[in-house]
Structure formats: C-alpha cells, structure tokens
$ cat protein04.txt   # compact mmCIF, C-alpha atoms
# COMPACT_ATOMS: atom_id res chain seq x y z
CA MET T 550 68.82 51.63 272.17
CA ASN T 551 65.52 49.77 272.61
CA SER T 552 63.60 48.20 269.76
CA LYS T 553 60.97 50.97 269.63
CA ALA T 554 63.62 53.66 269.24
CA ALA T 555 65.36 51.69 266.49
CA SER T 556 62.09 51.16 264.71
CA THR T 557 61.18 54.88 264.90
CA LEU T 558 64.62 55.82 263.61
CA MET T 559 64.20 53.46 260.70
CA ILE T 560 60.78 54.91 259.83
CA VAL T 561 62.25 58.43 259.87
CA PHE T 562 65.11 57.27 257.63
CA GLU T 563 62.68 55.60 255.20
CA LEU T 564 60.55 58.72 255.02
CA LEU T 565 63.64 60.85 254.34
CA VAL T 566 64.74 58.51 251.55
CA VAL T 567 61.29 58.59 249.94
CA ILE T 568 61.15 62.41 250.13
CA LEU T 569 64.69 62.66 248.67
CA VAL T 570 63.85 60.33 245.79
CA ILE T 571 60.65 62.22 244.98
CA PHE T 572 62.51 65.54 245.10
CA MET T 573 65.34 64.26 242.87
CA THR T 574 62.93 62.76 240.35
CA LEU T 575 60.87 65.94 240.17
CA SER T 576 63.92 68.19 239.85
CA ILE T 577 65.40 66.02 237.07
CA ALA T 578 62.03 65.98 235.32
CA LYS T 579 61.77 69.75 235.62
CA THR T 580 65.29 70.32 234.31
CA TYR T 581 65.05 68.04 231.30
CA ALA T 582 61.44 68.23 230.33
CA SER T 583 60.98 71.94 230.93
CA SER T 584 59.26 73.39 227.93
CA GLU T 585 61.52 76.45 228.21
CA THR T 586 64.68 74.43 227.63
CA THR T 587 63.14 72.63 224.69
CA ARG T 588 61.82 75.89 223.31
CA LYS T 589 65.23 77.57 223.60
CA ILE T 590 66.89 74.70 221.72
CA ILE T 591 64.25 74.84 218.98
CA LEU T 592 64.63 78.63 218.67
CA ALA T 593 68.43 78.44 218.46
CA ASN T 594 68.30 75.63 215.86
CA ASP T 595 65.74 77.52 213.78
CA ILE T 596 67.70 80.78 213.84
CA ALA T 597 70.96 79.01 212.90
CA MET T 598 69.17 77.39 209.94
CA MET T 599 67.58 80.71 208.96
CA ILE T 600 71.04 82.30 208.89
CA ASN T 601 72.39 79.47 206.73
CA THR T 602 69.42 79.95 204.40
CA LEU T 603 70.01 83.71 204.20
CA VAL T 604 73.68 83.07 203.36
CA GLY T 605 72.48 80.84 200.54
CA THR T 606 70.07 83.46 199.25
CA PRO T 607 71.29 85.88 196.57
CA GLY T 608 70.44 89.53 197.21
CA ASP T 609 68.95 91.16 200.29
CA ALA T 610 66.16 89.64 202.32
CA ARG T 611 64.25 89.86 205.57
CA VAL T 612 62.73 86.89 207.36
CA GLU T 613 60.31 87.06 210.26
CA TYR T 614 60.38 84.25 212.80
CA PRO T 615 56.85 82.87 212.76
CA SER T 616 56.40 82.65 216.50
CA GLU T 617 56.26 84.69 219.69
CA THR T 618 59.71 85.40 221.17
CA SER T 619 58.89 87.88 223.93
CA LYS T 620 60.24 85.72 226.78
CA TYR T 621 63.76 85.34 225.41
CA ILE T 622 66.99 87.22 224.92
CA PHE T 623 68.95 86.62 221.71
CA ILE T 624 72.58 87.40 221.02
CA LEU T 625 73.82 86.94 217.47
CA ASN T 626 77.55 87.28 217.46
CA GLY T 627 79.85 86.26 214.60
CA GLY T 628 79.45 82.52 214.30
CA SER T 629 76.89 81.71 216.97
CA ILE T 630 73.43 82.45 218.27
CA THR T 631 72.72 82.38 222.01
CA VAL T 632 69.20 82.08 223.41
CA PHE T 633 68.38 82.49 227.08
CA LEU T 634 65.87 83.81 229.58
CA LYS T 635 66.42 86.87 231.74
CA ASN T 636 68.41 86.20 234.95
CA GLU T 637 69.38 82.76 233.69
CA LEU T 638 72.72 81.15 234.47
CA GLU T 639 75.31 80.95 231.71
CA SER T 640 75.19 77.14 231.83
CA GLN T 641 71.48 77.23 231.00
CA ARG T 642 71.97 79.27 227.84
CA VAL T 643 71.56 77.50 224.51
CA VAL T 644 74.23 78.23 221.90
CA ARG T 645 74.22 77.08 218.27
CA SER T 646 77.03 77.80 215.82
CA PHE T 647 77.09 78.30 212.09
CA PHE T 648 79.78 79.06 209.53
CA LEU T 649 79.66 82.23 207.47
CA PRO T 650 81.59 82.67 204.23
CA GLN T 651 84.54 85.02 204.35
CA GLY T 652 83.51 88.68 204.41
CA TYR T 653 80.11 87.98 205.95
CA GLU T 654 79.08 89.39 209.33
CA ALA T 655 76.25 88.43 211.64
CA TYR T 656 75.35 90.49 214.66
CA GLY T 657 72.52 91.86 216.76
CA THR T 658 70.82 91.46 220.09
CA MET T 659 67.20 91.38 221.02
CA GLU T 660 65.72 91.42 224.48
CA GLU T 661 62.18 90.21 225.14
CA LYS T 662 60.57 91.48 221.96
CA ALA T 663 57.53 89.82 220.47
CA LYS T 664 58.69 89.53 216.87
CA LEU T 665 62.15 88.56 215.70
CA CYS T 666 63.46 89.32 212.24
CA LEU T 667 66.66 88.40 210.45
CA GLN T 668 67.70 90.88 207.85
CA LYS T 669 70.34 90.39 205.18
CA GLU T 670 71.92 93.45 203.60
CA HIS T 671 74.81 92.73 201.26
CA LYS T 672 77.13 90.67 203.44
CA LYS T 673 75.61 91.63 206.78
CA ILE T 674 73.05 89.54 208.59
CA MET T 675 71.35 91.40 211.42
CA LEU T 676 69.05 90.26 214.16
CA VAL T 677 66.45 92.99 214.60
CA GLU T 678 63.01 93.56 216.00
CA CYS T 679 60.40 93.34 213.26
CA PRO T 680 58.83 96.67 212.34
CA MET B 1140 67.86 45.52 272.45
CA ASN B 1141 66.64 41.92 272.14
CA LYS B 1142 67.64 39.46 269.42
CA LYS B 1143 64.48 40.00 267.36
CA ALA B 1144 64.93 43.77 267.32
CA GLN B 1145 68.59 43.41 266.36
CA PHE B 1146 67.61 41.09 263.51
CA ASP B 1147 64.94 43.55 262.39
CA VAL B 1148 67.37 46.47 262.23
CA ALA B 1149 69.99 44.39 260.39
CA ARG B 1150 67.40 43.14 257.90
CA LYS B 1151 66.17 46.64 257.19
CA SER B 1152 69.73 47.92 256.79
CA ILE B 1153 70.45 45.28 254.15
CA TYR B 1154 67.12 46.06 252.49
CA TRP B 1155 67.93 49.77 252.30
CA MET B 1156 71.42 49.12 250.96
CA LEU B 1157 69.92 47.15 248.07
CA ALA B 1158 67.07 49.61 247.67
CA GLY B 1159 69.58 52.50 247.55
CA VAL B 1160 71.33 50.93 244.57
CA VAL B 1161 68.01 50.23 242.79
CA ILE B 1162 66.63 53.72 243.50
CA THR B 1163 69.84 55.37 242.24
CA MET B 1164 69.70 53.31 239.05
CA ALA B 1165 66.02 54.18 238.59
CA VAL B 1166 66.71 57.91 238.99
CA PHE B 1167 69.57 57.75 236.47
CA ALA B 1168 67.42 55.78 234.03
CA PHE B 1169 64.66 58.37 234.39
CA ALA B 1170 67.14 61.18 233.67
CA ILE B 1171 68.48 59.36 230.60
CA ILE B 1172 64.96 58.70 229.27
CA LEU B 1173 63.99 62.37 229.68
CA SER B 1174 67.22 63.56 228.11
CA SER B 1175 66.82 61.30 225.09
CA TYR B 1176 63.20 62.38 224.71
CA GLN B 1177 64.27 66.03 224.71
CA GLN B 1178 66.92 65.29 222.09
CA LYS B 1179 64.35 63.49 219.97
CA VAL B 1180 61.91 66.42 220.19
CA THR B 1181 64.52 69.04 219.27
CA GLN B 1182 66.47 67.06 216.67
CA VAL B 1183 66.87 68.57 213.22
CA PRO B 1184 67.30 65.97 210.46
CA PRO B 1185 70.95 66.13 209.32
CA GLN B 1186 69.88 65.98 205.66
CA LEU B 1187 67.87 69.18 206.14
CA ARG B 1188 70.79 70.94 207.83
CA ALA B 1189 73.12 69.83 205.03
CA GLU B 1190 70.64 70.97 202.38
CA VAL B 1191 70.30 74.42 203.98
CA ILE B 1192 74.07 74.87 204.35
CA SER B 1193 74.74 73.69 200.80
CA LEU B 1194 72.45 76.39 199.34
CA ARG B 1195 75.40 78.79 199.52
CA PHE B 1196 77.44 76.76 197.03
CA VAL B 1197 75.00 77.37 194.19
CA ASN B 1198 73.39 80.68 195.15
CA THR B 1199 76.09 82.90 196.59
CA PRO B 1200 78.61 84.79 194.46
CA GLU B 1201 81.07 84.69 197.38
CA CYS B 1202 81.08 80.92 196.83
CA PHE B 1203 80.85 79.49 193.30
CA THR B 1204 77.84 81.24 191.75
CA TYR B 1205 78.37 83.17 188.55
CA GLN B 1206 77.93 86.94 188.79
CA ASP B 1207 77.89 89.15 185.74
CA PRO B 1208 80.90 91.44 186.11
CA VAL B 1209 79.20 94.29 184.20
CA THR B 1210 75.66 94.33 185.62
CA GLY B 1211 76.44 92.62 188.94
CA ARG B 1212 73.50 90.29 188.39
CA ILE B 1213 73.77 86.98 190.21
CA PHE B 1214 72.75 83.80 188.40
CA PRO B 1215 71.55 81.36 191.10
CA GLY B 1216 72.29 77.76 190.23
CA VAL B 1217 74.97 78.67 187.69
CA ILE B 1218 78.49 77.75 188.75
CA ASP B 1219 81.40 79.88 187.63
CA VAL B 1220 84.08 77.35 186.80
CA THR B 1221 86.86 79.88 187.44
CA LYS B 1222 85.65 80.24 191.04
CA PHE B 1223 85.48 76.50 191.60
CA THR B 1224 88.72 76.15 193.52
CA GLN B 1225 89.77 74.68 196.83
CA ALA B 1226 90.75 78.15 198.11
CA ARG B 1227 87.25 79.42 197.36
CA MET B 1228 85.74 76.40 199.09
CA ASP B 1229 87.80 77.15 202.20
CA GLN B 1230 86.56 80.76 202.17
CA CYS B 1231 82.96 79.76 201.52
CA TYR B 1232 82.57 77.06 204.16
CA ARG B 1233 84.90 77.97 207.01
CA THR B 1234 84.64 75.37 209.73
CA GLN B 1235 86.90 75.52 212.77
CA ASN B 1236 90.25 73.83 212.30
CA GLU B 1237 90.09 71.93 215.59
CA GLN B 1238 86.37 71.11 215.75
CA GLY B 1239 85.61 70.99 212.03
CA PHE B 1240 85.48 67.20 211.93
CA LYS B 1241 82.16 67.38 213.82
CA GLU B 1242 80.59 69.34 210.98
CA PHE B 1243 79.50 68.30 207.50
CA ASN B 1244 82.37 67.36 205.26
CA PHE B 1245 81.14 68.55 201.89
CA GLY B 1246 82.69 67.18 198.75
CA LEU B 1247 81.60 68.97 195.59
CA ALA B 1248 82.18 67.87 192.02
CA LEU B 1249 81.46 70.01 188.99
CA ARG B 1250 81.15 68.04 185.79
CA THR B 1251 81.55 69.96 182.57
CA SER B 1252 81.43 68.48 179.08
CA ALA B 1253 85.19 68.09 179.15
CA SER B 1254 86.19 67.53 182.74
CA ILE B 1255 85.30 67.10 186.39
CA PHE B 1256 86.52 69.57 188.97
CA SER B 1257 86.12 68.67 192.60
CA VAL B 1258 86.68 70.44 195.89
CA SER B 1259 86.11 69.23 199.39
CA LYS B 1260 86.38 70.28 202.99
CA HIS B 1261 89.11 68.67 205.10
CA ARG B 1262 90.16 66.10 202.48
CA ARG B 1263 92.14 68.67 200.52
CA ALA B 1264 91.38 67.02 197.19
CA SER B 1265 91.50 69.01 194.00
CA HIS B 1266 91.42 66.75 190.99
CA CYS B 1267 90.65 67.13 187.33
CA PHE B 1268 89.18 64.25 185.32
CA THR B 1269 87.93 64.07 181.75
CA SER B 1270 84.82 63.30 179.64
CA LEU B 1271 81.62 63.54 181.62
CA SER B 1272 78.65 65.90 181.61
CA SER B 1273 76.05 67.33 184.01
CA SER B 1274 76.74 68.55 187.49
CA PHE B 1275 76.05 67.35 191.01
CA LEU B 1276 76.60 68.26 194.64
CA GLY B 1277 77.63 65.56 197.05
CA ILE B 1278 78.06 65.33 200.80
CA ALA B 1279 80.92 63.16 202.02

$ encode --input "protein04.txt" --output "structure tokens"
Amino acid sequence: MNSKAASTLMIVFELLVVILVIFMTLSIAKTYASSETTRKIILANDIAMMINTLVGTPGDARVEYPSETSKYIFILNGGSITVFLKNELESQRVVRSFFLPQGYEAYGTMEEKAKLCLQKEHKKIMLVECP
Amino acid sequence: MNKKAQFDVARKSIYWMLAGVVITMAVFAFAIILSSYQQKVTQVPPQLRAEVISLRFVNTPECFTYQDPVTGRIFPGVIDVTKFTQARMDQCYRTQNEQGFKEFNFGLALRTSASIFSVSKHRRASHCFTSLSSSFLGIA
C-alpha cells in the first residue's frame, strides 16, 4: 500500500467515526430527552397520585386530568397504570404502581381521548373518558 | 510505503485508539447527563407522595376512619380506635411482600388520653403505652 492510499483510508475511517459519534449522540439525546418520554412519566406519576388521593377521599368523586391526553393510551389495571403511545414497544411503556386497600378495585382503558377522568364509586376507581 | 508514511499511519492509529476511548467516555457522560436531567424533571418529591398515600389512614373507613354504623356517615380525620390494629394496617396499605421495602414504611401512632397504640408496615410492631394525649401520623 502506498502512502496516498493509506492516507485516503485513514480519512475515510475518520469520517466514519465522526458520523458514528454524531449519530450515537443524536440518538441518545432523542431517546432520553424526548418530550414524549418525559410526558409519559409525568402522566403516569400524576395518575398514580390521583388514585392515591381518591383512595384517601371519603365518598364518591370524579377528577378530570387538567391536560390534553389525546396522544396516549392508558391501561389502569389493579395496582398499576401504564401509559404509552400507539405502536410503541413494550419496553418504551411507562408503568407506575400504587397500593389499594383490600376490597378496592381500579380498572379502565382509554385510547387517544382528549380528556381523561378518574371516577371513584364506592370501592371502584375507574379510568374513563370525561363526558 | 516509505518510512514517513509508515510513521504517519502508526501515529494516527495510536491517536484514534486514544480518541476512541475519549469519545466513548464522552458519549456515556452525555447519556448519563441527559438521563439525570430527565429524572430531575419528572421527579415527584417523596414527601408529597407520602402525604398523598397517608390520606387514606385518616379519611377512609376501610382503614382507620370512624364510620357511624347507623347512618353510614364517615367522619374524616376521626380515628376509630377499635380499627387501629396491625391487621387493618396490612389490609389498608398492602405493599408487595418481596418489593415492599422499596416503598414507604409508614409507622402510625395513635395517642389517646390513656394510651398510645401504634401500627407499622414491615416492622410488625403493635405496642400499647400509657399516659399521653393528642394524635400524630409518622413516616418511618
């Protein structure tokens, strides 16, 4: 191999490394700093706290989540709430758990609806679309 | 290939070996910084979470709140001393047996004019003391 060929090969290698580093940095930034991920975590935390508050509220009640939720799918099942986007991988779903007193039930699903409500009736907490 | 070209290639190889380590560390550091920023943005203060969970102890008849047996009226903030037992605590705040240590470990003490009753999660304490008044909720 002559010196020109070696030098060209090195330039190609350097360019590939730079492109790889830029791609990795951007993909990491997109994964972690994506507003969707952050938003899903905030939604799941808020709903888990709303359920804990409803458990600690005597009587029946209905609470409306004070924000738009039309992009997301919610599954409230027993002791956990799962928030995710349509066609999203299971690993990208955000799950938050809570602990209900004995005899209490929490259930409901909601798919891409603008307004989310949590309704407590006796010992049942339901995730429903707001009327 | 002449000597100068050989030296050039060797020098660049060493440079890229070192640069590879530095670039990898920089990418990892970037990922850690972003991850910690996301955690900071989405963090809920633990005191708030504990406060919200502990509402059930004083407001829910399935926990310790007094409920009039005739009218069914619930008296929020009023503790029924007959309900204040370890068994009731275990029914009211049911954490998982295996993973429960990650959750709040509530310890509650009810002080009456004659005695103190206490219940807690995980510690399995159920004691009775004498001579104190007023009531409080504590988080252990």

$ closest_residue --input "protein04.txt" --among "B:Asn1236, B:Gln1186, B:Gln1206, B:Asn1198" --to "chain T" --atoms "only C-alpha atoms"
B:Asn1198

$ residues_around --input "protein04.txt" --residues "Ile591 of chain T" --least-positions-apart "6" --cutoff "10 Å" --atoms "all atoms listed in the file" --output "MDAnalysis selection string"
(chainID T and resid 585 597 632 643) or (chainID B and resid 1180:1183)

$ interface_residues --input "protein04.txt" --of "chain T" --to "chain B" --cutoff "8 Å" --atoms "all atoms listed in the file" --output "list of chain:residue names"
T:Met550, T:Asn551, T:Ser552, T:Ala555, T:Ser556, T:Met559, T:Val570, T:Met573, T:Thr574, T:Ile577, T:Ala578, T:Tyr581, T:Ala582, T:Thr587, T:Ile590, T:Ile591, T:Asn594, T:Met598, T:Asn601, T:Thr602, T:Val604, T:Gly605, T:Thr606, T:Pro607, T:Phe648, T:Leu649, T:Pro650, T:Gln651

$ write_last_selection --input "protein04.txt" --atoms "C-alpha atoms" --output "JSON list (two decimals), in the frame of the given file"
[["chain", "number", "residue", "atom", "x", "y", "z"],
["T", 550, "MET", "CA", 68.82, 51.63, 272.17],
["T", 551, "ASN", "CA", 65.52, 49.77, 272.61],
["T", 552, "SER", "CA", 63.60, 48.20, 269.76],
["T", 555, "ALA", "CA", 65.36, 51.69, 266.49],
["T", 556, "SER", "CA", 62.09, 51.16, 264.71],
["T", 559, "MET", "CA", 64.20, 53.46, 260.70],
["T", 570, "VAL", "CA", 63.85, 60.33, 245.79],
["T", 573, "MET", "CA", 65.34, 64.26, 242.87],
["T", 574, "THR", "CA", 62.93, 62.76, 240.35],
["T", 577, "ILE", "CA", 65.40, 66.02, 237.07],
["T", 578, "ALA", "CA", 62.03, 65.98, 235.32],
["T", 581, "TYR", "CA", 65.05, 68.04, 231.30],
["T", 582, "ALA", "CA", 61.44, 68.23, 230.33],
["T", 587, "THR", "CA", 63.14, 72.63, 224.69],
["T", 590, "ILE", "CA", 66.89, 74.70, 221.72],
["T", 591, "ILE", "CA", 64.25, 74.84, 218.98],
["T", 594, "ASN", "CA", 68.30, 75.63, 215.86],
["T", 598, "MET", "CA", 69.17, 77.39, 209.94],
["T", 601, "ASN", "CA", 72.39, 79.47, 206.73],
["T", 602, "THR", "CA", 69.42, 79.95, 204.40],
["T", 604, "VAL", "CA", 73.68, 83.07, 203.36],
["T", 605, "GLY", "CA", 72.48, 80.84, 200.54],
["T", 606, "THR", "CA", 70.07, 83.46, 199.25],
["T", 607, "PRO", "CA", 71.29, 85.88, 196.57],
["T", 648, "PHE", "CA", 79.78, 79.06, 209.53],
["T", 649, "LEU", "CA", 79.66, 82.23, 207.47],
["T", 650, "PRO", "CA", 81.59, 82.67, 204.23],
["T", 651, "GLN", "CA", 84.54, 85.02, 204.35]]

$ atom_distance --input "protein04.txt" --atom1 "atom CA of Ala655 of chain T" --atom2 "atom CA of Glu639 of chain T"
21.4 Å

$ atom_distance --input "protein04.txt" --atom1 "atom CA of Phe1203 of chain B" --atom2 "atom CA of Gly1246 of chain B"
13.6 Å

$ atom_distance --input "protein04.txt" --atom1 "atom CA of Leu665 of chain T" --atom2 "atom CA of Val644 of chain T"
17.1 Å

$ build_atoms --input "protein04.txt" --residues "segment 585-609 of chain T" --atoms "N, CA, C and O atoms" --output "PDB file, in the frame of the given file"
ATOM      1  N   GLU T 585      60.652  75.308 228.521  1.00  0.00           N
ATOM      2  CA  GLU T 585      61.520  76.450 228.210  1.00  0.00           C
ATOM      3  C   GLU T 585      62.840  75.990 227.585  1.00  0.00           C
ATOM      4  O   GLU T 585      63.305  76.564 226.613  1.00  0.00           O
ATOM      5  N   THR T 586      63.409  74.947 228.165  1.00  0.00           N
ATOM      6  CA  THR T 586      64.680  74.430 227.630  1.00  0.00           C
ATOM      7  C   THR T 586      64.482  73.936 226.196  1.00  0.00           C
ATOM      8  O   THR T 586      65.261  74.269 225.307  1.00  0.00           O
ATOM      9  N   THR T 587      63.430  73.169 226.023  1.00  0.00           N
ATOM     10  CA  THR T 587      63.140  72.630 224.690  1.00  0.00           C
ATOM     11  C   THR T 587      62.895  73.773 223.704  1.00  0.00           C
ATOM     12  O   THR T 587      63.398  73.752 222.585  1.00  0.00           O
ATOM     13  N   ARG T 588      62.161  74.748 224.169  1.00  0.00           N
ATOM     14  CA  ARG T 588      61.820  75.890 223.310  1.00  0.00           C
ATOM     15  C   ARG T 588      63.080  76.679 222.916  1.00  0.00           C
ATOM     16  O   ARG T 588      63.223  77.102 221.784  1.00  0.00           O
ATOM     17  N   LYS T 589      63.988  76.840 223.884  1.00  0.00           N
ATOM     18  CA  LYS T 589      65.230  77.570 223.600  1.00  0.00           C
ATOM     19  C   LYS T 589      66.062  76.823 222.555  1.00  0.00           C
ATOM     20  O   LYS T 589      66.625  77.442 221.641  1.00  0.00           O
ATOM     21  N   ILE T 590      66.119  75.501 222.679  1.00  0.00           N
ATOM     22  CA  ILE T 590      66.890  74.700 221.720  1.00  0.00           C
ATOM     23  C   ILE T 590      66.270  74.832 220.325  1.00  0.00           C
ATOM     24  O   ILE T 590      66.971  75.038 219.335  1.00  0.00           O
ATOM     25  N   ILE T 591      64.936  74.733 220.276  1.00  0.00           N
ATOM     26  CA  ILE T 591      64.250  74.840 218.980  1.00  0.00           C
ATOM     27  C   ILE T 591      64.496  76.214 218.350  1.00  0.00           C
ATOM     28  O   ILE T 591      64.799  76.331 217.159  1.00  0.00           O
ATOM     29  N   LEU T 592      64.399  77.270 219.168  1.00  0.00           N
ATOM     30  CA  LEU T 592      64.630  78.630 218.670  1.00  0.00           C
ATOM     31  C   LEU T 592      66.053  78.784 218.124  1.00  0.00           C
ATOM     32  O   LEU T 592      66.258  79.318 217.024  1.00  0.00           O
ATOM     33  N   ALA T 593      67.034  78.303 218.891  1.00  0.00           N
ATOM     34  CA  ALA T 593      68.430  78.440 218.460  1.00  0.00           C
ATOM     35  C   ALA T 593      68.692  77.654 217.175  1.00  0.00           C
ATOM     36  O   ALA T 593      69.348  78.156 216.249  1.00  0.00           O
ATOM     37  N   ASN T 594      68.146  76.437 217.093  1.00  0.00           N
ATOM     38  CA  ASN T 594      68.300  75.630 215.860  1.00  0.00           C
ATOM     39  C   ASN T 594      67.669  76.340 214.667  1.00  0.00           C
ATOM     40  O   ASN T 594      68.260  76.412 213.586  1.00  0.00           O
ATOM     41  N   ASP T 595      66.465  76.860 214.877  1.00  0.00           N
ATOM     42  CA  ASP T 595      65.740  77.520 213.780  1.00  0.00           C
ATOM     43  C   ASP T 595      66.505  78.756 213.289  1.00  0.00           C
ATOM     44  O   ASP T 595      66.638  78.969 212.080  1.00  0.00           O
ATOM     45  N   ILE T 596      67.007  79.549 214.237  1.00  0.00           N
ATOM     46  CA  ILE T 596      67.700  80.780 213.840  1.00  0.00           C
ATOM     47  C   ILE T 596      69.001  80.432 213.108  1.00  0.00           C
ATOM     48  O   ILE T 596      69.339  81.067 212.101  1.00  0.00           O
ATOM     49  N   ALA T 597      69.722  79.424 213.591  1.00  0.00           N
ATOM     50  CA  ALA T 597      70.960  79.010 212.900  1.00  0.00           C
ATOM     51  C   ALA T 597      70.645  78.569 211.470  1.00  0.00           C
ATOM     52  O   ALA T 597      71.377  78.915 210.525  1.00  0.00           O
ATOM     53  N   MET T 598      69.534  77.844 211.295  1.00  0.00           N
ATOM     54  CA  MET T 598      69.170  77.390 209.940  1.00  0.00           C
ATOM     55  C   MET T 598      68.701  78.567 209.076  1.00  0.00           C
ATOM     56  O   MET T 598      68.966  78.610 207.871  1.00  0.00           O
ATOM     57  N   MET T 599      68.013  79.524 209.712  1.00  0.00           N
ATOM     58  CA  MET T 599      67.580  80.710 208.960  1.00  0.00           C
ATOM     59  C   MET T 599      68.795  81.493 208.466  1.00  0.00           C
ATOM     60  O   MET T 599      68.794  82.015 207.342  1.00  0.00           O
ATOM     61  N   ILE T 600      69.824  81.570 209.288  1.00  0.00           N
ATOM     62  CA  ILE T 600      71.040  82.300 208.890  1.00  0.00           C
ATOM     63  C   ILE T 600      71.725  81.564 207.732  1.00  0.00           C
ATOM     64  O   ILE T 600      72.143  82.186 206.757  1.00  0.00           O
ATOM     65  N   ASN T 601      71.802  80.245 207.824  1.00  0.00           N
ATOM     66  CA  ASN T 601      72.390  79.470 206.730  1.00  0.00           C
ATOM     67  C   ASN T 601      71.595  79.657 205.432  1.00  0.00           C
ATOM     68  O   ASN T 601      72.166  79.739 204.349  1.00  0.00           O
ATOM     69  N   THR T 602      70.266  79.747 205.585  1.00  0.00           N
ATOM     70  CA  THR T 602      69.420  79.950 204.400  1.00  0.00           C
ATOM     71  C   THR T 602      69.650  81.344 203.812  1.00  0.00           C
ATOM     72  O   THR T 602      69.728  81.498 202.588  1.00  0.00           O
ATOM     73  N   LEU T 603      69.763  82.345 204.689  1.00  0.00           N
ATOM     74  CA  LEU T 603      70.010  83.710 204.200  1.00  0.00           C
ATOM     75  C   LEU T 603      71.371  83.801 203.493  1.00  0.00           C
ATOM     76  O   LEU T 603      71.506  84.515 202.497  1.00  0.00           O
ATOM     77  N   VAL T 604      72.366  83.089 204.023  1.00  0.00           N
ATOM     78  CA  VAL T 604      73.680  83.070 203.360  1.00  0.00           C
ATOM     79  C   VAL T 604      73.548  82.475 201.951  1.00  0.00           C
ATOM     80  O   VAL T 604      74.186  82.935 201.006  1.00  0.00           O
ATOM     81  N   GLY T 605      72.681  81.490 201.838  1.00  0.00           N
ATOM     82  CA  GLY T 605      72.480  80.840 200.540  1.00  0.00           C
ATOM     83  C   GLY T 605      71.432  81.512 199.678  1.00  0.00           C
ATOM     84  O   GLY T 605      70.941  80.920 198.719  1.00  0.00           O
ATOM     85  N   THR T 606      71.052  82.719 200.034  1.00  0.00           N
ATOM     86  CA  THR T 606      70.070  83.460 199.250  1.00  0.00           C
ATOM     87  C   THR T 606      70.742  84.644 198.559  1.00  0.00           C
ATOM     88  O   THR T 606      71.347  85.480 199.235  1.00  0.00           O
ATOM     89  N   PRO T 607      70.674  84.721 197.218  1.00  0.00           N
ATOM     90  CA  PRO T 607      71.290  85.880 196.570  1.00  0.00           C
ATOM     91  C   PRO T 607      70.471  87.147 196.828  1.00  0.00           C
ATOM     92  O   PRO T 607      69.246  87.090 196.911  1.00  0.00           O
ATOM     93  N   GLY T 608      71.147  88.259 196.983  1.00  0.00           N
ATOM     94  CA  GLY T 608      70.440  89.530 197.210  1.00  0.00           C
ATOM     95  C   GLY T 608      70.095  89.739 198.671  1.00  0.00           C
ATOM     96  O   GLY T 608      70.493  88.979 199.543  1.00  0.00           O
ATOM     97  N   ASP T 609      69.343  90.812 198.924  1.00  0.00           N
ATOM     98  CA  ASP T 609      68.950  91.160 200.290  1.00  0.00           C
ATOM     99  C   ASP T 609      67.604  90.519 200.632  1.00  0.00           C
ATOM    100  O   ASP T 609      66.778  90.297 199.746  1.00  0.00           O
TER     101      ASP T 609
END
